[in-house]
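Below is input.csv, which holds CSV, C-alpha atoms.
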```
chain,number,residue,atom,x,y,z
C,1,MET,CA,0.0,0.0,0.0
C,2,THR,CA,1.3,3.4,-0.9
C,3,VAL,CA,1.7,6.0,1.8
C,4,ARG,CA,0.9,9.4,0.3
C,5,ARG,CA,2.1,12.8,1.4
C,6,LEU,CA,-0.9,14.8,2.1
C,7,SER,CA,1.1,18.0,2.2
C,8,THR,CA,4.7,19.3,2.4
C,9,ARG,CA,5.6,22.7,3.8
C,10,LEU,CA,9.0,24.3,4.0
C,11,LEU,CA,9.1,26.1,7.4
C,12,LEU,CA,12.6,27.5,7.8
C,13,ARG,CA,15.5,28.5,5.6
C,14,PRO,CA,19.0,29.5,6.8
C,15,GLU,CA,18.4,33.1,6.0
C,16,ASP,CA,15.4,33.2,8.4
C,17,VAL,CA,17.4,32.7,11.6
C,18,PRO,CA,20.0,35.1,12.9
C,19,PRO,CA,23.6,33.7,13.7
C,20,SER,CA,25.1,33.8,17.1
C,21,ARG,CA,27.4,36.6,16.0
C,22,ASP,CA,27.5,39.0,13.1
C,23,ASP,CA,30.7,37.5,11.8
C,24,PHE,CA,29.1,34.1,11.5
C,25,GLN,CA,26.6,32.8,8.9
C,26,VAL,CA,23.9,30.3,9.3
C,27,VAL,CA,24.2,27.4,6.8
C,28,GLY,CA,21.4,25.2,8.1
C,29,VAL,CA,18.3,25.2,10.2
C,30,PHE,CA,17.2,21.6,10.4
C,31,ASN,CA,16.5,18.4,12.4
C,32,PRO,CA,13.9,20.0,14.7
C,33,GLY,CA,12.5,18.5,17.9
C,34,ALA,CA,8.8,19.0,17.9
C,35,VAL,CA,6.1,18.8,20.6
C,36,ARG,CA,2.6,20.2,21.3
C,37,ALA,CA,2.9,22.5,24.3
C,38,ALA,CA,-0.4,24.0,25.5
C,39,ASP,CA,-2.2,25.2,22.4
C,40,GLU,CA,0.6,25.3,19.9
C,41,VAL,CA,3.5,23.3,18.4
C,42,VAL,CA,6.9,24.2,19.6
C,43,LEU,CA,10.1,23.3,17.7
C,44,LEU,CA,13.7,23.2,19.0
C,45,VAL,CA,15.6,23.7,15.7
C,46,ARG,CA,19.3,22.9,15.2
C,47,VAL,CA,21.1,26.0,13.8
C,48,ALA,CA,24.4,25.2,12.1
C,49,GLU,CA,26.7,28.2,11.5
C,50,ARG,CA,30.3,28.9,10.4
C,51,PRO,CA,32.5,32.0,10.2
C,52,ARG,CA,31.9,34.4,7.3
C,53,GLU,CA,35.5,35.3,7.0
C,54,ARG,CA,37.6,33.4,4.4
C,55,ARG,CA,41.4,33.3,4.7
C,56,PRO,CA,43.3,32.1,1.6
C,57,GLY,CA,45.0,28.8,2.4
C,58,PHE,CA,43.2,28.3,5.7
C,59,THR,CA,40.0,26.7,6.9
C,60,GLY,CA,38.1,28.1,9.9
C,61,LEU,CA,36.9,25.4,12.3
C,62,PRO,CA,34.5,26.8,14.9
C,63,ARG,CA,34.1,25.6,18.5
C,64,TRP,CA,32.6,26.8,21.8
C,65,ASP,CA,35.1,27.6,24.5
C,66,PRO,CA,33.7,27.3,28.1
C,67,ALA,CA,35.6,30.5,29.0
C,68,GLY,CA,35.6,32.5,25.8
C,69,GLY,CA,32.4,31.4,24.0
C,70,LEU,CA,32.3,30.9,20.3
C,71,THR,CA,35.8,30.9,18.7
C,72,VAL,CA,37.5,29.8,15.5
C,73,ASP,CA,40.6,27.7,14.9
C,74,TRP,CA,42.3,28.7,11.6
C,75,VAL,CA,44.0,25.6,10.3
C,76,PRO,CA,46.2,25.5,7.1
C,77,ASP,CA,44.4,23.7,4.3
C,78,ALA,CA,47.6,21.7,3.7
C,79,ASP,CA,47.1,20.1,7.2
C,80,LEU,CA,43.5,18.9,6.4
C,81,VAL,CA,41.8,16.3,4.2
C,82,PRO,CA,38.2,17.0,3.2
C,83,VAL,CA,36.0,14.0,4.1
C,84,ASP,CA,32.5,15.3,3.1
C,85,PRO,CA,30.7,18.6,3.2
C,86,ARG,CA,30.5,18.4,7.0
C,87,VAL,CA,33.9,17.0,8.1
C,88,VAL,CA,37.6,17.4,7.6
C,89,ARG,CA,40.4,15.2,8.8
C,90,ARG,CA,43.7,16.3,10.3
C,91,ARG,CA,46.7,14.8,8.4
C,92,ALA,CA,48.9,14.8,11.5
C,93,ASP,CA,46.7,12.5,13.7
C,94,GLY,CA,43.8,11.4,11.6
C,95,LEU,CA,41.2,13.0,13.9
C,96,VAL,CA,38.3,14.9,12.4
C,97,ARG,CA,36.6,18.3,13.0
C,98,LEU,CA,33.3,19.7,11.9
C,99,THR,CA,33.3,22.7,9.5
C,100,PHE,CA,30.5,24.3,11.5
C,101,THR,CA,29.0,24.3,15.0
C,102,SER,CA,25.4,24.0,16.1
C,103,HIS,CA,23.1,25.3,18.8
C,104,LEU,CA,19.3,25.0,19.3
C,105,ARG,CA,16.7,27.7,18.9
C,106,VAL,CA,13.0,27.8,20.0
C,107,VAL,CA,10.5,28.3,17.2
C,108,ARG,CA,6.7,28.6,17.8
C,109,CYS,CA,4.5,27.2,15.0
C,110,GLY,CA,0.8,27.7,16.1
C,111,ASP,CA,-1.1,24.9,14.6
C,112,GLY,CA,2.1,23.3,13.4
C,113,ARG,CA,1.8,24.1,9.8
C,114,ALA,CA,3.6,27.5,9.6
C,115,VAL,CA,6.1,29.5,11.7
C,116,ARG,CA,4.5,32.0,14.0
C,117,GLU,CA,7.6,33.2,15.8
C,118,ILE,CA,11.4,32.6,15.7
C,119,THR,CA,12.1,33.4,19.4
C,120,GLY,CA,15.3,34.6,21.0
C,121,PHE,CA,15.5,31.7,23.3
C,122,THR,CA,18.4,29.3,22.6
C,123,PHE,CA,20.1,26.3,24.0
C,124,ARG,CA,23.9,26.8,23.4
C,125,PRO,CA,26.9,24.7,24.1
C,126,GLN,CA,28.5,25.1,27.5
C,127,ALA,CA,30.9,22.4,28.7
C,128,GLU,CA,33.9,20.8,27.0
C,129,VAL,CA,31.7,17.8,26.1
C,130,GLU,CA,29.6,20.1,23.9
C,131,GLU,CA,32.5,22.2,22.4
C,132,PHE,CA,31.8,21.3,18.8
C,133,GLY,CA,28.0,21.9,19.2
C,134,VAL,CA,24.7,20.5,20.3
C,135,GLU,CA,22.6,18.8,17.7
C,136,ASP,CA,19.4,17.0,16.7
C,137,PRO,CA,17.0,17.3,19.7
C,138,ARG,CA,14.1,15.0,20.2
C,139,ILE,CA,11.4,16.2,22.6
C,140,THR,CA,9.2,14.0,24.9
C,141,PRO,CA,6.7,15.3,27.5
C,142,LEU,CA,7.0,13.5,30.8
C,143,GLY,CA,5.0,14.8,33.7
C,144,VAL,CA,5.0,18.6,33.9
C,145,ARG,CA,8.3,19.0,31.9
C,146,PHE,CA,9.5,18.5,28.4
C,147,TYR,CA,12.6,16.4,28.2
C,148,PHE,CA,14.8,16.4,25.2
C,149,THR,CA,17.7,14.3,24.2
C,150,TYR,CA,20.4,15.8,22.0
C,151,VAL,CA,23.9,15.0,20.6
C,152,ALA,CA,26.8,16.6,22.5
C,153,VAL,CA,29.7,16.8,20.1
C,154,SER,CA,33.3,17.3,21.2
C,155,ARG,CA,36.9,16.0,21.0
C,156,HIS,CA,35.6,13.0,22.9
C,157,GLY,CA,33.1,12.1,20.1
C,158,PRO,CA,29.3,12.4,19.7
C,159,ALA,CA,27.5,11.5,23.0
C,160,SER,CA,23.8,11.5,23.8
C,161,ALA,CA,22.8,13.9,26.5
C,162,LEU,CA,19.5,15.0,28.2
C,163,ALA,CA,18.0,18.3,29.2
C,164,SER,CA,14.5,19.5,30.1
C,165,THR,CA,12.4,22.6,30.3
C,166,ALA,CA,9.0,23.7,31.6
C,167,ASP,CA,8.5,26.7,29.4
C,168,PHE,CA,11.1,26.6,26.5
C,169,ARG,CA,12.7,29.7,28.0
C,170,THR,CA,15.0,28.2,30.6
C,171,PHE,CA,16.7,24.8,30.4
C,172,GLU,CA,18.2,22.3,32.9
C,173,ARG,CA,20.9,19.9,31.8
C,174,HIS,CA,20.9,16.4,33.2
C,175,GLY,CA,24.1,15.2,31.7
C,176,VAL,CA,25.4,12.5,29.3
C,177,LEU,CA,23.2,9.4,29.1
C,178,PHE,CA,25.0,7.3,26.5
C,179,CYS,CA,28.8,7.7,26.0
C,180,PRO,CA,30.4,8.1,22.5
C,181,GLU,CA,29.7,7.0,20.0
C,182,ASN,CA,25.9,7.0,20.4
C,183,LYS,CA,23.3,9.1,18.7
C,184,ASP,CA,19.5,9.2,17.8
C,185,VAL,CA,18.2,8.7,21.4
C,186,VAL,CA,14.4,9.0,21.7
C,187,LEU,CA,12.4,8.7,24.9
C,188,PHE,CA,9.1,6.9,25.2
C,189,PRO,CA,6.3,9.2,26.5
C,190,GLU,CA,5.3,6.9,29.3
C,191,LYS,CA,6.8,4.2,31.5
C,192,ILE,CA,6.8,0.6,30.2
C,193,GLY,CA,6.7,-2.1,32.9
C,194,GLY,CA,7.5,0.5,35.5
C,195,ALA,CA,10.6,1.8,33.8
C,196,TYR,CA,11.4,4.6,31.4
C,197,ALA,CA,12.3,3.4,27.9
C,198,ALA,CA,14.4,4.7,25.1
C,199,LEU,CA,15.8,3.8,21.7
C,200,HIS,CA,19.4,4.5,20.8
C,201,ARG,CA,22.0,4.0,18.1
C,202,PRO,CA,25.4,2.7,19.1
C,203,ALA,CA,27.9,3.2,16.3
C,204,CYS,CA,30.0,0.1,15.8
C,205,ALA,CA,33.5,1.0,14.6
C,206,THR,CA,34.2,-2.7,13.9
C,207,PRO,CA,31.7,-3.9,11.3
C,208,PHE,CA,30.6,-7.2,12.9
C,209,THR,CA,27.1,-6.2,11.9
C,210,ARG,CA,25.1,-3.8,9.8
C,211,PRO,CA,23.9,-0.7,11.6
C,212,GLU,CA,21.4,-1.3,14.4
C,213,MET,CA,19.0,0.4,16.8
C,214,TRP,CA,18.8,-0.7,20.4
C,215,ALA,CA,16.3,-0.4,23.2
C,216,ALA,CA,17.1,0.4,26.9
C,217,ARG,CA,15.4,0.9,30.2
C,218,SER,CA,15.9,3.3,33.1
C,219,PRO,CA,14.5,3.8,36.6
C,220,ASP,CA,15.2,7.5,36.6
C,221,LEU,CA,16.0,8.7,33.0
C,222,ILE,CA,19.7,9.0,34.0
C,223,HIS,CA,20.9,5.4,34.6
C,224,TRP,CA,20.3,3.1,31.6
C,225,GLY,CA,20.5,-0.7,31.2
C,226,ALA,CA,18.6,-3.7,29.9
C,227,HIS,CA,20.0,-3.0,26.4
C,228,ALA,CA,18.6,-5.1,23.6
C,229,PRO,CA,18.9,-4.8,19.8
C,230,LEU,CA,15.9,-4.4,17.5
C,231,VAL,CA,15.7,-6.7,14.5
C,232,VAL,CA,15.1,-4.4,11.6
C,233,PRO,CA,15.9,-6.3,8.4
C,234,GLY,CA,16.1,-4.1,5.3
C,235,GLY,CA,17.6,-3.4,1.9
C,236,GLU,CA,20.2,-1.0,0.6
C,237,TRP,CA,18.2,2.0,1.7
C,238,GLN,CA,19.4,1.4,5.3
C,239,SER,CA,22.8,-0.2,4.6
C,240,GLY,CA,24.8,2.8,5.8
C,241,ARG,CA,23.0,3.9,9.0
C,242,VAL,CA,19.8,3.2,10.8
C,243,GLY,CA,18.5,5.0,13.8
C,244,ALA,CA,15.4,6.3,15.7
C,245,GLY,CA,13.8,9.4,14.2
C,246,THR,CA,10.9,10.7,16.2
C,247,PRO,CA,9.9,9.9,19.8
C,248,PRO,CA,7.5,6.9,19.7
C,249,LEU,CA,3.8,7.6,19.4
C,250,ARG,CA,1.2,5.3,21.2
C,251,VAL,CA,-1.2,3.7,18.8
C,252,ALA,CA,-3.8,1.0,19.3
C,253,ASP,CA,-1.5,-2.0,18.8
C,254,GLY,CA,1.8,-0.7,20.2
C,255,TRP,CA,4.3,2.1,19.6
C,256,LEU,CA,4.7,3.8,16.2
C,257,GLU,CA,8.3,4.7,15.6
C,258,ILE,CA,9.4,6.6,12.5
C,259,TYR,CA,13.0,6.0,11.9
C,260,HIS,CA,15.7,6.9,9.4
C,261,GLY,CA,17.8,4.8,7.1
C,262,ASN,CA,20.9,5.9,5.1
C,263,GLN,CA,22.1,4.2,1.9
C,264,GLN,CA,25.8,3.4,1.9
C,265,PRO,CA,27.5,6.1,-0.2
C,266,THR,CA,29.1,5.0,-3.4
C,267,GLY,CA,31.8,7.7,-4.0
C,268,PRO,CA,34.3,9.7,-2.1
C,269,GLY,CA,32.9,12.8,-0.4
C,270,GLU,CA,29.4,11.5,-0.6
C,271,VAL,CA,27.1,11.0,2.5
C,272,GLY,CA,24.4,8.8,0.9
C,273,THR,CA,20.7,9.3,0.6
C,274,TYR,CA,18.6,9.4,3.8
C,275,TYR,CA,15.0,7.9,4.0
C,276,GLY,CA,12.2,7.4,6.5
C,277,GLY,CA,10.7,4.1,7.5
C,278,ALA,CA,8.2,3.1,10.2
C,279,LEU,CA,8.0,0.4,12.8
C,280,LEU,CA,5.3,-0.9,15.1
C,281,LEU,CA,6.9,-1.9,18.4
C,282,ASN,CA,5.4,-4.2,21.0
C,283,PRO,CA,3.5,-2.2,23.7
C,284,ASP,CA,5.3,-4.0,26.5
C,285,ASP,CA,8.6,-4.8,24.9
C,286,PRO,CA,10.0,-1.9,22.8
C,287,ALA,CA,12.8,-4.2,21.4
C,288,ARG,CA,10.2,-6.4,19.6
C,289,VAL,CA,9.3,-5.2,16.2
C,290,LEU,CA,5.7,-6.3,15.3
C,291,ARG,CA,5.4,-4.8,11.9
C,292,ARG,CA,7.4,-2.5,9.6
C,293,THR,CA,7.2,-0.7,6.3
C,294,PRO,CA,9.2,-3.0,4.0
C,295,GLU,CA,10.4,0.0,1.9
C,296,PRO,CA,10.8,3.6,2.9
C,297,PHE,CA,7.6,5.6,2.9
C,298,PHE,CA,9.5,8.9,3.0
C,299,ARG,CA,12.0,9.8,0.3
C,300,PRO,CA,13.8,13.0,-0.8
C,301,GLU,CA,11.4,14.4,-3.5
C,302,ALA,CA,11.0,18.1,-3.2
C,303,GLU,CA,13.7,20.4,-4.5
C,304,PHE,CA,14.7,21.6,-1.0
C,305,GLU,CA,15.2,17.9,0.0
C,306,VAL,CA,17.3,17.0,-3.0
C,307,ARG,CA,19.6,20.1,-3.1
C,308,GLY,CA,21.3,21.6,-0.1
C,309,PHE,CA,24.3,21.5,2.2
C,310,VAL,CA,24.0,17.7,2.1
C,311,PRO,CA,21.8,16.6,-0.8
C,312,ASN,CA,19.2,13.9,-0.8
C,313,VAL,CA,18.3,13.9,2.9
C,314,VAL,CA,15.0,13.6,4.7
C,315,PHE,CA,15.7,13.2,8.4
C,316,PRO,CA,12.6,12.8,10.6
C,317,THR,CA,13.0,14.1,14.2
C,318,GLY,CA,9.5,15.2,15.4
C,319,LEU,CA,6.0,13.8,15.2
C,320,VAL,CA,2.7,15.6,16.3
C,321,ARG,CA,-0.7,14.0,16.1
C,322,ASP,CA,-3.4,16.3,14.7
C,323,ASP,CA,-6.2,15.3,12.3
C,324,SER,CA,-3.3,13.6,10.6
C,325,LEU,CA,0.4,13.0,11.5
C,326,LEU,CA,2.6,16.1,11.2
C,327,LEU,CA,6.2,14.8,10.6
C,328,TYR,CA,8.9,17.4,11.2
C,329,TYR,CA,12.2,16.8,9.6
C,330,GLY,CA,15.5,18.2,8.3
C,331,ALA,CA,15.8,18.5,4.6
C,332,ALA,CA,19.3,18.3,2.9
C,333,ASP,CA,20.9,19.4,6.2
C,334,THR,CA,19.7,22.9,5.3
C,335,PHE,CA,16.0,23.4,5.9
C,336,THR,CA,13.2,22.6,8.4
C,337,ALA,CA,10.0,21.2,6.9
C,338,VAL,CA,6.8,19.4,7.8
C,339,ALA,CA,5.1,16.6,5.9
C,340,GLU,CA,1.6,15.4,6.6
C,341,PHE,CA,0.6,11.8,6.5
C,342,SER,CA,-2.5,9.7,7.2
C,343,GLU,CA,-2.0,7.6,10.4
C,344,ARG,CA,-4.3,4.9,9.0
C,345,GLU,CA,-2.4,4.7,5.7
C,346,LEU,CA,0.9,4.4,7.4
C,347,LEU,CA,-0.2,1.7,9.8
C,348,ALA,CA,-1.9,-0.2,7.0
C,349,ALA,CA,1.3,-0.2,4.9
C,350,MET,CA,3.3,-2.2,7.6
C,351,THR,CA,3.9,-5.9,7.2
C,352,THR,CA,5.3,-8.5,9.6
C,353,PRO,CA,9.1,-8.7,9.4
C,354,GLY,CA,10.3,-11.7,7.5
```

For this file, produce the structure as structure tokens.
Amino acid sequence: MTVRRLSTRLLLRPEDVPPSRDDFQVVGVFNPGAVRAADEVVLLVRVAERPRERRPGFTGLPRWDPAGGLTVDWVPDADLVPVDPRVVRRRADGLVRLTFTSHLRVVRCGDGRAVREITGFTFRPQAEVEEFGVEDPRITPLGVRFYFTYVAVSRHGPASALASTADFRTFERHGVLFCPENKDVVLFPEKIGGAYAALHRPACATPFTRPEMWAARSPDLIHWGAHAPLVVPGGEWQSGRVGAGTPPLRVADGWLEIYHGNQQPTGPGEVGTYYGGALLLNPDDPARVLRRTPEPFFRPEAEFEVRGFVPNVVFPTGLVRDDSLLLYYGAADTFTAVAEFSERELLAAMTTPG
């Protein structure tokens, strides 16, 4: 069964959002966390920026210094090897750096289909563990607060951290949950069997297996264990990476999880196409996949999904239930957009894994 897009709306472009400083430029506003708060949809949008200045023969690599704030390391081009549009590698030691840094900005969207206000409230890197940026938030309401996971990027690698807010004006950090290298952590919106639950993506440097998602449990949102892999068989569209996309949504037969798959790149400097698929997870055991979309239901199609800082990317990170499902995503690592789908169609398109 085909899952149709009911609508697609481009919400934010880089030029819509101000940089942290006048001497920086925003190159991407993407991968937003999304949640309904009171009577409106609120986004936490990742803002990627880099220095405007260009020095012949040098590359400016930005970072956040706990004492001095946003700063730039100017490195001779001869000392660097380009990896892809996002990453360079140092010749001396083989370690990599990002060509940009990221922070998060609060955006209010009314009914969720258009931007009402780009606020001045931001979540910016603070400690050494966040020195290269904070990225890709996923928001889950728990009790009276909104908890969001995010990727803390630093010289120690990408770690998954947790913060929370009651009003999207002030934020409380709760620390690193999953050590490097681990990304794409999403929290379930209620306890399962008396424990909090999450999906996460450990990145295996040694390729014993294809990319995997795992489930975990916690008594307090801070200490995690009972790790178990999800069995998500798939084709080439998820041969490069696979990870949770949106926080799970409770449906009649279990948990609806919209996740991303990445096709293994075929050439140097390429990242590979990103897609969206869907899983139905057991209501009592989130590591058990009951049904799944055998092929991606969400593919790069629109011009702003195909062309951008990293082309051919749709990266789902937020889901809000309205009359339909509003799926918020990053497009081409450049834009924030929302696509609308029928919940009934999406669930009907799933089949039993085999």

If you count all atoms listed in the file, the residue of C:Val320, C:Ala114, C:Ala127, C:Ala203 closest to C:Ala37 turns out to be C:Val320

In the coordinates of the file, take the point (25.9, 18.7, -1.9) and a cut-off of 10 Å; then, counting all atoms listed in the file, name each qualifying protein, DNA or RNA residue as JSON, numbers by chain. {"C": [84, 85, 269, 270, 271, 306, 307, 308, 309, 310, 311, 312, 332, 333]}

Using all atoms listed in the file, pick whichever of C:Leu199, C:Val186, C:Pro219, C:Gly318 has the shortest atom-to-atom distance to C:Asp285.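 The answer is C:Leu199, which sits nearest to C:Asp285.
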
For atom CA of C:Gly276 and atom CA of C:Phe208, quote the distance in Å rounded to one decimal.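 Atom-to-atom, atom CA of C:Gly276 to atom CA of C:Phe208, that is 24.3 Å.
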
What lies within 12 Å of C:Pro286 using only C-alpha atoms, ignoring chain neighbours under 4 positions off, as a ChimeraX atom specification? /C:186-188,190-193,195-200,213-217,226-231,248-250,254-257,279-282,290

My list of candidates is C:Leu104, C:Ala166, C:Leu98, C:Val151. Which is closest to C:Arg201 when distances are computed with all atoms listed in the file?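 Of the candidates, the smallest distance to C:Arg201 is held by C:Val151.
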
For C:Glu343, the closest of C:Ala331, C:Val3, C:Ala67, C:Val115 counting all atoms listed in the file is C:Val3

With distances taken over only C-alpha atoms, which of C:Phe335, C:Trp224, C:Phe171, C:Tyr275 is nearest to C:Phe148?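 Among the listed residues, C:Phe171 lies closest to C:Phe148.
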
Residues at most 12 Å from C:Pro18, counting only C-alpha atoms, excluding those fewer than 2 positions away in the same chain, as a list in words? Leu12, Arg13, Pro14, Glu15, Asp16, Ser20, Arg21, Asp22, Asp23, Phe24, Gln25, Val26, Val27, Gly28, Val29, Val47, Ala48, Glu49, His103, Leu104, Arg105, Ile118, Thr119, Gly120, Phe121 and Thr122 of chain C

Of the residues C:Cys109, C:Val87, C:Val176, C:Val96, which is the one nearest to C:Ala337, using all atoms listed in the file?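 Between C:Cys109, C:Val87, C:Val176, C:Val96, the residue approaching C:Ala337 most closely is C:Cys109.
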
One-decimal distance in Å that lies between atom CA of C:Asp65 and atom CA of C:Pro51: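 Pair atom CA of C:Pro51 / atom CA of C:Asp65 returns 15.2 Å.
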
Contacts of C:Ala349 at 12 Å or less, counting all atoms listed in the file, minus same-chain residues fewer than 6 places along, as an MDAnalysis selection string? chainID C and resid 1:4 277:280 291:297 342:343

Between atom CA of C:Glu340 and atom CA of C:Ser7 - distance in Å to one decimal: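 If I compute the distance from atom CA of C:Ser7 to atom CA of C:Glu340, I get 5.1 Å.
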